[in-house]
$ cat final-v7.tsv   # TSV, C-alpha atoms
chain	number	residue	atom	x	y	z
A	1	MET	CA	8.96	-2.05	-10.96
A	2	SER	CA	6.41	-0.46	-13.17
A	3	ALA	CA	2.76	-1.36	-13.21
A	4	GLY	CA	-0.40	-0.49	-15.03
A	5	SER	CA	-1.34	2.63	-13.17
A	6	ALA	CA	-4.98	2.73	-14.22
A	7	GLY	CA	-5.55	-0.86	-13.18
A	8	ASP	CA	-3.73	-0.30	-9.93
A	9	ARG	CA	-5.82	2.74	-9.14
A	10	GLU	CA	-8.97	0.74	-9.61
A	11	LEU	CA	-7.67	-2.08	-7.44
A	12	VAL	CA	-6.65	0.30	-4.70
A	13	ALA	CA	-9.88	2.29	-4.83
A	14	ALA	CA	-11.93	-0.88	-4.61
A	15	PHE	CA	-9.92	-2.08	-1.66
A	16	LEU	CA	-9.93	1.20	0.24
A	17	ALA	CA	-13.64	1.66	-0.29
A	18	GLY	CA	-14.44	-1.07	2.16
A	19	ARG	CA	-11.22	-2.89	2.90
A	20	GLY	CA	-12.88	-6.05	1.76
A	21	GLU	CA	-10.96	-9.28	1.80
A	22	ALA	CA	-11.79	-10.12	-1.80
A	23	GLU	CA	-10.60	-6.71	-2.94
A	24	PHE	CA	-7.38	-7.10	-1.02
A	25	ARG	CA	-6.76	-10.51	-2.52
A	26	ARG	CA	-7.10	-9.02	-6.00
A	27	LEU	CA	-4.59	-6.34	-5.14
A	28	TYR	CA	-2.30	-8.93	-3.61
A	29	ALA	CA	-2.52	-11.20	-6.62
A	30	ALA	CA	-1.51	-8.36	-8.91
A	31	HIS	CA	1.62	-7.47	-7.00
A	32	ALA	CA	2.68	-10.39	-4.86
A	33	PRO	CA	4.82	-12.28	-7.41
A	34	ARG	CA	7.02	-9.33	-8.20
A	35	LEU	CA	7.23	-8.10	-4.65
A	36	TYR	CA	8.03	-11.55	-3.35
A	37	LEU	CA	10.92	-12.13	-5.76
A	38	TRP	CA	12.30	-8.70	-4.92
A	39	LEU	CA	12.21	-9.53	-1.21
A	40	LEU	CA	13.57	-13.02	-1.75
A	41	ARG	CA	16.54	-11.59	-3.59
A	42	LEU	CA	17.08	-8.96	-0.95
A	43	CYS	CA	17.14	-11.74	1.63
A	44	GLY	CA	19.70	-13.67	-0.34
A	45	GLY	CA	17.22	-16.42	-1.11
A	46	ARG	CA	16.12	-17.11	2.47
A	47	GLU	CA	12.48	-17.99	1.98
A	48	SER	CA	11.20	-17.77	5.54
A	49	GLU	CA	12.78	-14.36	5.91
A	50	ALA	CA	11.28	-13.22	2.63
A	51	GLU	CA	7.85	-14.40	3.76
A	52	ASP	CA	8.12	-12.48	7.02
A	53	LEU	CA	9.09	-9.39	5.06
A	54	MET	CA	6.24	-9.96	2.68
A	55	GLN	CA	3.78	-9.94	5.54
A	56	GLU	CA	5.33	-6.87	7.09
A	57	THR	CA	5.31	-5.08	3.75
A	58	TRP	CA	1.62	-5.69	3.19
A	59	LEU	CA	0.75	-4.70	6.74
A	60	ARG	CA	2.51	-1.39	6.28
A	61	ALA	CA	1.13	-0.91	2.81
A	62	ALA	CA	-2.45	-1.56	3.90
A	63	GLU	CA	-2.07	1.02	6.62
A	64	LYS	CA	-0.38	3.66	4.47
A	65	LEU	CA	-2.34	3.10	1.29
A	66	PRO	CA	-4.86	5.91	1.94
A	67	ASP	CA	-1.93	8.34	1.93
A	68	PHE	CA	-0.35	7.00	-1.27
A	69	ARG	CA	-0.19	9.89	-3.74
A	70	TRP	CA	0.60	7.96	-6.93
A	71	GLU	CA	3.79	9.88	-7.44
A	72	ALA	CA	5.39	6.56	-8.26
A	73	ALA	CA	4.10	3.27	-9.57
A	74	LEU	CA	2.36	1.21	-6.93
A	75	SER	CA	4.86	-1.59	-7.43
A	76	THR	CA	7.70	0.85	-6.81
A	77	TRP	CA	6.01	2.07	-3.67
A	78	LEU	CA	5.51	-1.46	-2.44
A	79	GLY	CA	9.11	-2.29	-3.25
A	80	GLY	CA	10.23	0.71	-1.23
A	81	ILE	CA	8.18	-0.37	1.76
A	82	GLY	CA	9.66	-3.84	1.40
A	83	TRP	CA	13.13	-2.39	1.25
A	84	ASN	CA	12.55	-0.39	4.43
A	85	ALA	CA	11.21	-3.44	6.22
A	86	TYR	CA	14.21	-5.41	5.06
A	87	ARG	CA	16.62	-2.71	6.15
A	88	GLU	CA	15.06	-2.45	9.59
A	89	ALA	CA	15.08	-6.21	10.02
A	90	SER	CA	18.68	-6.34	8.89
A	91	ARG	CA	19.68	-3.67	11.32
A	92	ARG	CA	17.98	-5.54	14.09
A	93	SER	CA	19.96	-8.62	13.25
A	94	ARG	CA	23.08	-6.51	12.67
A	95	ARG	CA	23.61	-8.03	9.27
A	96	LEU	CA	23.64	-4.65	7.61
A	97	ALA	CA	26.05	-3.08	10.04
A	98	ALA	CA	29.07	-3.40	7.80
A	99	ALA	CA	29.48	-0.70	5.18
A	100	PRO	CA	29.60	-1.95	1.61
A	101	GLU	CA	33.20	-0.82	1.32
A	102	GLU	CA	34.10	-3.15	4.15
A	103	SER	CA	32.12	-6.05	2.82
A	104	ALA	CA	33.79	-5.58	-0.53
A	105	ASP	CA	36.58	-7.64	0.92
A	106	GLU	CA	34.35	-10.60	0.47
A	107	ALA	CA	35.03	-10.37	-3.22
A	108	GLY	CA	38.59	-11.34	-2.51
A	109	SER	CA	37.49	-14.72	-1.28
A	110	ALA	CA	35.30	-15.36	-4.28
A	111	PRO	CA	36.10	-18.34	-6.44
A	112	ASP	CA	38.59	-17.56	-9.15
A	113	ALA	CA	37.90	-17.59	-12.83
A	114	GLY	CA	38.80	-21.24	-13.02
A	115	GLU	CA	35.66	-22.40	-11.27
A	116	PRO	CA	33.81	-24.94	-13.42
A	117	ALA	CA	31.23	-23.39	-15.69
A	118	ALA	CA	28.65	-25.91	-14.49
A	119	ARG	CA	28.60	-24.19	-11.10
A	120	PHE	CA	27.85	-20.84	-12.57
A	121	ASP	CA	24.53	-19.54	-11.39
A	122	LEU	CA	23.82	-15.94	-12.02
A	123	GLU	CA	20.75	-15.88	-9.83
A	124	ARG	CA	22.64	-17.37	-6.94
A	125	ALA	CA	25.57	-15.04	-7.46
A	126	VAL	CA	23.27	-12.04	-7.33
A	127	ARG	CA	21.76	-13.28	-4.10
A	128	GLU	CA	25.26	-13.70	-2.68
A	129	LEU	CA	26.21	-10.12	-3.40
A	130	PRO	CA	27.16	-8.25	-0.23
A	131	GLU	CA	24.29	-6.28	1.22
A	132	GLY	CA	24.56	-2.73	0.12
A	133	TYR	CA	25.65	-3.82	-3.33
A	134	ARG	CA	22.82	-6.23	-3.91
A	135	GLU	CA	20.01	-3.72	-3.59
A	136	VAL	CA	21.56	-1.25	-6.02
A	137	LEU	CA	22.40	-3.88	-8.59
A	138	LEU	CA	18.96	-5.45	-8.36
A	139	LEU	CA	17.23	-2.13	-8.75
A	140	HIS	CA	19.42	-0.89	-11.59
A	141	ASP	CA	20.34	-3.97	-13.58
A	142	VAL	CA	17.32	-6.15	-12.94
A	143	GLU	CA	14.46	-3.76	-12.25
A	144	GLY	CA	15.64	-0.99	-14.56
A	145	TYR	CA	15.63	1.87	-12.06
A	146	THR	CA	17.61	5.00	-12.79
A	147	HIS	CA	20.16	6.13	-10.26
A	148	GLU	CA	17.86	8.96	-9.28
A	149	GLU	CA	15.05	6.52	-8.60
A	150	ILE	CA	17.38	4.30	-6.62
A	151	ALA	CA	18.49	7.31	-4.63
A	152	ARG	CA	14.91	8.08	-3.67
A	153	THR	CA	14.06	4.49	-2.88
A	154	LEU	CA	17.12	3.68	-0.81
A	155	GLU	CA	17.53	7.19	0.59
A	156	ILE	CA	21.06	7.53	-0.67
A	157	SER	CA	22.59	9.95	-3.16
A	158	ALA	CA	22.62	9.24	-6.88
A	159	GLY	CA	26.41	9.37	-6.73
A	160	THR	CA	26.47	6.69	-4.08
A	161	SER	CA	24.14	4.60	-6.19
A	162	LYS	CA	26.53	4.84	-9.14
A	163	SER	CA	29.58	3.95	-7.11
A	164	GLN	CA	27.78	1.06	-5.40
A	165	LEU	CA	26.69	-0.26	-8.75
A	166	ALA	CA	30.22	-0.15	-10.09
A	167	ARG	CA	31.47	-2.03	-7.05
A	168	ALA	CA	28.61	-4.50	-7.25
A	169	ARG	CA	29.39	-5.25	-10.85
A	170	GLU	CA	33.06	-5.67	-10.08
A	171	TRP	CA	32.22	-8.03	-7.25
A	172	LEU	CA	29.88	-10.02	-9.44
A	173	ARG	CA	32.41	-10.21	-12.22
A	174	ARG	CA	35.05	-11.50	-9.88
A	175	ARG	CA	32.57	-13.92	-8.42
A	176	LEU	CA	31.67	-15.28	-11.81
A	177	GLY	CA	35.06	-15.06	-13.41
A	178	SER	CA	36.66	-12.74	-15.90
A	179	PRO	CA	34.42	-10.85	-18.34
A	180	ALA	CA	35.95	-12.58	-21.29
A	181	ARG	CA	35.24	-15.99	-19.84
A	182	GLN	CA	31.78	-15.05	-18.70
A	183	LYS	CA	30.35	-13.63	-21.87
A	184	GLY	CA	29.76	-17.03	-23.25
A	185	ARG	CA	28.31	-18.33	-20.03
A	186	ILE	CA	25.71	-15.77	-19.27
A	187	SER	CA	24.41	-15.27	-22.72
B	1	MET	CA	27.16	7.41	-16.90
B	2	SER	CA	26.63	4.77	-19.55
B	3	GLU	CA	26.65	1.08	-18.93
B	4	ARG	CA	29.93	0.73	-20.79
B	5	GLU	CA	31.51	3.49	-18.71
B	6	GLU	CA	30.51	1.61	-15.61
B	7	GLY	CA	32.42	-1.38	-16.90
B	8	TRP	CA	29.56	-3.74	-17.66
B	9	SER	CA	29.22	-5.22	-21.09
B	10	GLU	CA	25.90	-5.08	-22.88
B	11	MET	CA	25.75	-8.84	-22.80
B	12	GLU	CA	26.19	-8.89	-19.07
B	13	VAL	CA	23.57	-6.20	-18.60
B	14	ARG	CA	21.16	-8.16	-20.74
B	15	ALA	CA	21.78	-11.34	-18.80
B	16	LEU	CA	20.79	-9.59	-15.60
B	17	LYS	CA	17.77	-7.96	-17.14
B	18	GLU	CA	16.62	-11.34	-18.35
B	19	LEU	CA	16.49	-12.74	-14.85
B	20	PRO	CA	12.93	-13.59	-13.80
B	21	ARG	CA	10.92	-10.66	-12.45
B	22	GLU	CA	8.23	-12.61	-10.71
B	23	LEU	CA	7.93	-15.62	-8.47
B	24	SER	CA	4.64	-16.61	-6.92
B	25	PRO	CA	4.91	-17.11	-3.17
B	26	ARG	CA	3.31	-20.08	-1.47
B	27	PRO	CA	-0.50	-19.84	-1.31
B	28	GLU	CA	-0.29	-20.28	2.45
B	29	LEU	CA	1.48	-16.95	2.68
B	30	GLU	CA	-1.49	-15.11	1.22
B	31	GLN	CA	-3.78	-16.63	3.81
B	32	ARG	CA	-1.35	-15.76	6.57
B	33	ILE	CA	-1.14	-12.17	5.40
B	34	VAL	CA	-4.89	-11.79	5.09
B	35	ALA	CA	-5.30	-13.13	8.62
B	36	ALA	CA	-2.70	-10.71	9.95
B	37	LEU	CA	-4.38	-7.79	8.19
B	38	ALA	CA	-7.80	-8.79	9.49
B	39	GLU	CA	-6.43	-9.09	13.01
B	40	ARG	CA	-5.28	-5.49	12.84
B	41	GLY	CA	-8.48	-4.27	11.30
B	42	LEU	CA	-6.80	-3.45	7.99
B	43	VAL	CA	-8.89	-5.91	6.04
B	44	ARG	CA	-12.48	-6.76	6.70
B	45	ALA	CA	-12.91	-10.50	6.91
B	46	ARG	CA	-15.13	-11.99	4.29
B	47	ARG	CA	-18.61	-12.64	5.53
B	48	SER	CA	-20.46	-15.83	4.85
B	49	GLY	CA	-24.09	-16.26	3.96
B	50	ARG	CA	-25.79	-16.02	0.62
B	51	GLY	CA	-27.62	-12.87	-0.21
B	52	ARG	CA	-25.96	-10.79	2.46
B	53	LEU	CA	-24.52	-8.43	-0.09
B	54	GLY	CA	-27.90	-7.93	-1.60
B	55	ARG	CA	-29.48	-7.21	1.76
B	56	ALA	CA	-26.72	-4.83	2.64
B	57	ALA	CA	-27.05	-3.05	-0.66
B	58	ALA	CA	-30.76	-2.61	-0.04
B	59	ALA	CA	-29.99	-1.24	3.38
B	60	VAL	CA	-27.51	1.15	1.84
B	61	ALA	CA	-30.02	2.33	-0.70
B	62	ALA	CA	-32.45	3.09	2.06
B	63	GLY	CA	-29.75	4.81	4.05
B	64	LEU	CA	-28.87	7.00	1.14
B	65	LEU	CA	-32.34	8.54	0.94
B	66	LEU	CA	-30.99	11.73	2.34
B	67	VAL	CA	-32.50	15.11	2.87
B	68	ALA	CA	-32.17	17.55	0.04
B	69	ALA	CA	-30.26	20.53	1.32
B	70	GLY	CA	-26.50	20.45	1.55
B	71	ILE	CA	-25.95	16.71	1.76
B	72	TRP	CA	-22.69	15.34	0.53
B	73	ILE	CA	-23.52	11.94	-0.73
B	74	GLY	CA	-27.26	11.80	-0.99
B	75	ARG	CA	-27.78	14.81	-3.18
B	76	THR	CA	-26.23	13.29	-6.26
B	77	LEU	CA	-27.11	9.67	-5.74
B	78	PRO	CA	-30.01	8.08	-7.52
B	79	PRO	CA	-33.09	7.59	-5.35
B	80	GLY	CA	-33.03	4.47	-3.26
B	81	ARG	CA	-35.80	2.06	-2.47
B	82	ALA	CA	-37.39	1.43	0.85
B	83	ARG	CA	-35.85	-1.52	2.64
B	84	THR	CA	-38.01	-4.57	2.51
B	85	THR	CA	-35.53	-7.21	3.57
B	86	ALA	CA	-34.27	-8.17	7.01
B	87	PRO	CA	-32.29	-5.40	8.70
B	88	ASP	CA	-28.52	-5.60	8.84
B	89	THR	CA	-27.66	-6.43	12.43
B	90	SER	CA	-23.93	-5.67	12.17
B	91	PRO	CA	-22.57	-3.18	14.71
B	92	ARG	CA	-22.85	0.38	13.51
B	93	PHE	CA	-20.54	3.28	14.03
B	94	VAL	CA	-20.82	6.99	13.51
B	95	LEU	CA	-17.98	8.75	11.76
B	96	PHE	CA	-18.18	12.40	12.74
B	97	LEU	CA	-16.40	14.51	10.17
B	98	LEU	CA	-14.77	17.42	11.95
B	99	ARG	CA	-13.50	20.53	10.24
B	100	GLY	CA	-9.90	20.07	11.32
B	101	GLN	CA	-7.56	21.88	8.94
B	102	GLU	CA	-9.61	21.16	5.87
B	103	SER	CA	-9.89	23.70	3.13
B	104	ASP	CA	-13.41	24.86	2.51
B	105	ARG	CA	-13.35	26.42	-0.91
B	106	PRO	CA	-16.72	26.48	-2.65
B	107	GLU	CA	-15.18	25.84	-6.03
B	108	GLU	CA	-13.98	22.46	-4.77
B	109	GLU	CA	-17.34	21.35	-3.48
B	110	GLY	CA	-18.38	19.54	-6.65
B	111	ALA	CA	-15.26	17.43	-6.68
B	112	ARG	CA	-15.63	16.78	-2.98
B	113	VAL	CA	-19.20	15.60	-3.48
B	114	ALA	CA	-18.09	13.17	-6.16
B	115	GLU	CA	-15.19	11.94	-4.07
B	116	TYR	CA	-17.20	11.33	-0.93
B	117	ARG	CA	-19.98	9.75	-2.94
B	118	ALA	CA	-17.57	7.36	-4.65
B	119	TRP	CA	-16.14	6.38	-1.31
B	120	ALA	CA	-19.59	5.76	0.17
B	121	ARG	CA	-20.62	3.79	-2.87
B	122	GLY	CA	-17.49	1.71	-2.57
B	123	LEU	CA	-18.43	0.91	1.00
B	124	ALA	CA	-21.89	-0.06	-0.09
B	125	ALA	CA	-20.55	-2.24	-2.88
B	126	SER	CA	-18.40	-4.09	-0.39
B	127	GLY	CA	-21.43	-5.02	1.64
B	128	ARG	CA	-21.52	-2.41	4.35
B	129	SER	CA	-24.56	-0.41	5.26
B	130	VAL	CA	-23.78	3.25	5.04
B	131	SER	CA	-25.62	6.52	5.25
B	132	GLY	CA	-24.54	10.03	5.87
B	133	GLU	CA	-25.27	13.69	5.55
B	134	LYS	CA	-23.45	16.95	5.36
B	135	LEU	CA	-24.49	19.42	8.01
B	136	ASP	CA	-25.14	23.08	7.50
B	137	ASP	CA	-22.75	25.49	9.17
B	138	ARG	CA	-25.52	27.11	11.21
B	139	GLU	CA	-25.65	26.07	14.80
B	140	GLU	CA	-27.98	26.84	17.68
B	141	ARG	CA	-27.54	25.46	21.16
B	142	LEU	CA	-30.05	24.97	23.87
B	143	GLY	CA	-29.47	24.60	27.57
B	144	ALA	CA	-31.28	22.11	29.77
B	145	ASP	CA	-34.00	24.67	30.36
B	146	GLY	CA	-34.56	25.06	26.66
B	147	ALA	CA	-33.11	28.54	26.56
B	148	PRO	CA	-30.60	29.47	23.84
B	149	VAL	CA	-26.96	29.12	24.78
B	150	ALA	CA	-24.23	31.09	23.05
B	151	ALA	CA	-22.67	29.07	20.27
B	152	ALA	CA	-19.05	29.22	19.27
B	153	ALA	CA	-18.28	32.60	17.77
B	154	ALA	CA	-16.21	31.23	14.92
B	155	ALA	CA	-15.77	27.92	13.18
B	156	SER	CA	-13.49	25.69	15.17
B	157	GLU	CA	-11.63	22.55	14.35
B	158	GLU	CA	-14.19	20.69	16.40
B	159	GLU	CA	-17.07	21.79	14.22
B	160	ILE	CA	-18.96	18.81	12.86
B	161	ARG	CA	-19.22	19.15	9.11
B	162	GLY	CA	-21.10	15.96	8.48
B	163	TYR	CA	-21.30	12.33	9.41
B	164	PHE	CA	-21.50	8.81	8.12
B	165	VAL	CA	-23.11	5.84	9.78
B	166	VAL	CA	-21.43	2.61	8.71
B	167	SER	CA	-21.58	-1.02	9.67
B	168	ALA	CA	-18.35	-2.61	10.81
B	169	ALA	CA	-17.28	-5.77	12.56
B	170	SER	CA	-15.48	-3.94	15.35
B	171	LEU	CA	-14.15	-0.58	16.39
B	172	ASP	CA	-10.85	-1.41	14.71
B	173	ASP	CA	-12.72	-2.29	11.58
B	174	ALA	CA	-14.58	1.01	11.75
B	175	LEU	CA	-11.28	2.83	12.19
B	176	ALA	CA	-9.96	1.09	9.12
B	177	VAL	CA	-13.00	2.31	7.22
B	178	ALA	CA	-12.49	5.83	8.51
B	179	ARG	CA	-8.87	5.83	7.39
B	180	GLY	CA	-10.06	5.41	3.85
B	181	CYS	CA	-12.46	8.33	4.02
B	182	PRO	CA	-11.46	11.18	1.73
B	183	HIS	CA	-12.26	13.65	4.48
B	184	LEU	CA	-8.83	12.97	5.99
B	185	ARG	CA	-7.08	13.76	2.73
B	186	HIS	CA	-8.77	17.14	2.74
B	187	GLY	CA	-7.37	18.00	6.14
B	188	GLY	CA	-10.46	17.14	8.13
B	189	ARG	CA	-10.51	14.91	11.15
B	190	ILE	CA	-12.80	12.03	11.99
B	191	VAL	CA	-14.17	10.87	15.30
B	192	VAL	CA	-15.43	7.30	15.34
B	193	ARG	CA	-18.04	6.32	17.92
B	194	PRO	CA	-19.87	3.00	18.25
B	195	ILE	CA	-23.65	3.18	18.24
B	196	VAL	CA	-25.18	1.46	21.24
B	197	PRO	CA	-27.93	-0.91	20.10
B	198	THR	CA	-31.23	-0.01	21.73

$ encode --input "final-v7.tsv" --output "structure tokens"
Amino acid sequence: MSAGSAGDRELVAAFLAGRGEAEFRRLYAAHAPRLYLWLLRLCGGRESEAEDLMQETWLRAAEKLPDFRWEAALSTWLGGIGWNAYREASRRSRRLAAAPEESADEAGSAPDAGEPAARFDLERAVRELPEGYREVLLLHDVEGYTHEEIARTLEISAGTSKSQLARAREWLRRRLGSPARQKGRIS
Amino acid sequence: MSEREEGWSEMEVRALKELPRELSPRPELEQRIVAALAERGLVRARRSGRGRLGRAAAAVAAGLLLVAAGIWIGRTLPPGRARTTAPDTSPRFVLFLLRGQESDRPEEEGARVAEYRAWARGLAASGRSVSGEKLDDREERLGADGAPVAAAAAASEEEIRGYFVVSAASLDDALAVARGCPHLRHGGRIVVRPIVPT
């Protein structure tokens, strides 16, 4: 989640100067599409949940923005706020209670490699990843974060990030079928 | 650890990286979020009426005609013009800038001046009336009989370093403005008080 820092600084400065609605809308327009897809994926594709998280993320961001130190890209910061909101909401609904190691069992019930290729949907498979795996895989393989960046964002160790990624990939591979069969499908 | 060591082929990694990065949410969501922010005083609702910005800017210019000695924002701003348009009738609030834990190093003053000025100008550009001055450290107190009263022996965290007068829709709105003031980032504190129209 990188972003043009100079442009972001101008957008943020203009907004914080008077907290004008027009200035906020410009800031929103610059970051909403990426933030929304990130939240939608976190939510496993549940749109109403993603929209609630989107609102919560912007509420928190608007409040904390004066304290933002630009030590990370604004999009990364927003993504982190979104992640925290998601995590808190998940804990409230007890959907994140199970440790990833436990939810790894879900991979065992995944369709086998013989599932028709027509049903293959990488996007959907990613959204179906067990929570705990999904965030790490999204950040690393989709957003391009390093393990150190993931560690800071998710407040886990870099080692945990690596192991979660390995498990996430294994789960995804089993979900989609064997690597040999899948190479032709995903390319 | 390389991608290959983690057991993911380059083709598979590329397939994931090529997933879309952006998806525009429904337009209704933006409106909903703006309304929620405005309700909490985190965004100032857009005002209607043509020419309001111009009137406010004129009011700001007049407000920024500040006295010469020691002022934060007025000293380095270009001279303003006398206000000739209708006065801004929005509620006004005083932001008292207290010393707090702020550092007070002379070598930083220039940067502070520029920072506070940019913030005030941003407020003005967004349509708010704003004025303000930095206060000298000297302080004399008078009792009800007009006789001198002992002042605080040393600078305290309650010492008023300066102030801004800004227009805002509500106290929450004024608090939102205050949260953006660079004074907080420098360790100072801000007291926000509504001005009673008289």

$ interface_residues --input "final-v7.tsv" --of "chain B" --to "chain A" --cutoff "6 Å" --atoms "only C-alpha atoms" --output "list of chain:residue names"
B:Glu6, B:Ala15, B:Leu16, B:Lys17, B:Arg21, B:Glu22, B:Leu23, B:Ser24, B:Ile33, B:Val43, B:Arg44, B:Ala45, B:Arg46, B:Trp119, B:Gly122, B:Leu123, B:Ser126, B:Gly180

$ atom_distance --input "final-v7.tsv" --atom1 "atom CA of Glu12 of chain B" --atom2 "atom CA of Arg87 of chain A"
27.7 Å

$ atom_distance --input "final-v7.tsv" --atom1 "atom CA of Glu139 of chain B" --atom2 "atom CA of Glu159 of chain B"
9.6 Å

$ atom_distance --input "final-v7.tsv" --atom1 "atom CA of Val34 of chain B" --atom2 "atom CA of Arg9 of chain A"
20.4 Å

$ residues_around --input "final-v7.tsv" --residues "Leu154 of chain A" --least-positions-apart "2" --cutoff "8 Å" --atoms "all atoms listed in the file" --output "number ranges by chain"
A: 80, 83, 150-152, 156

$ residues_near_point --input "final-v7.tsv" --point "(-15.8, 6.2, 7.8)" --cutoff "8 Å" --atoms "all atoms listed in the file" --output "NGL selection string"
:B and (94-95 or 164-166 or 174-181 or 190 or 192)
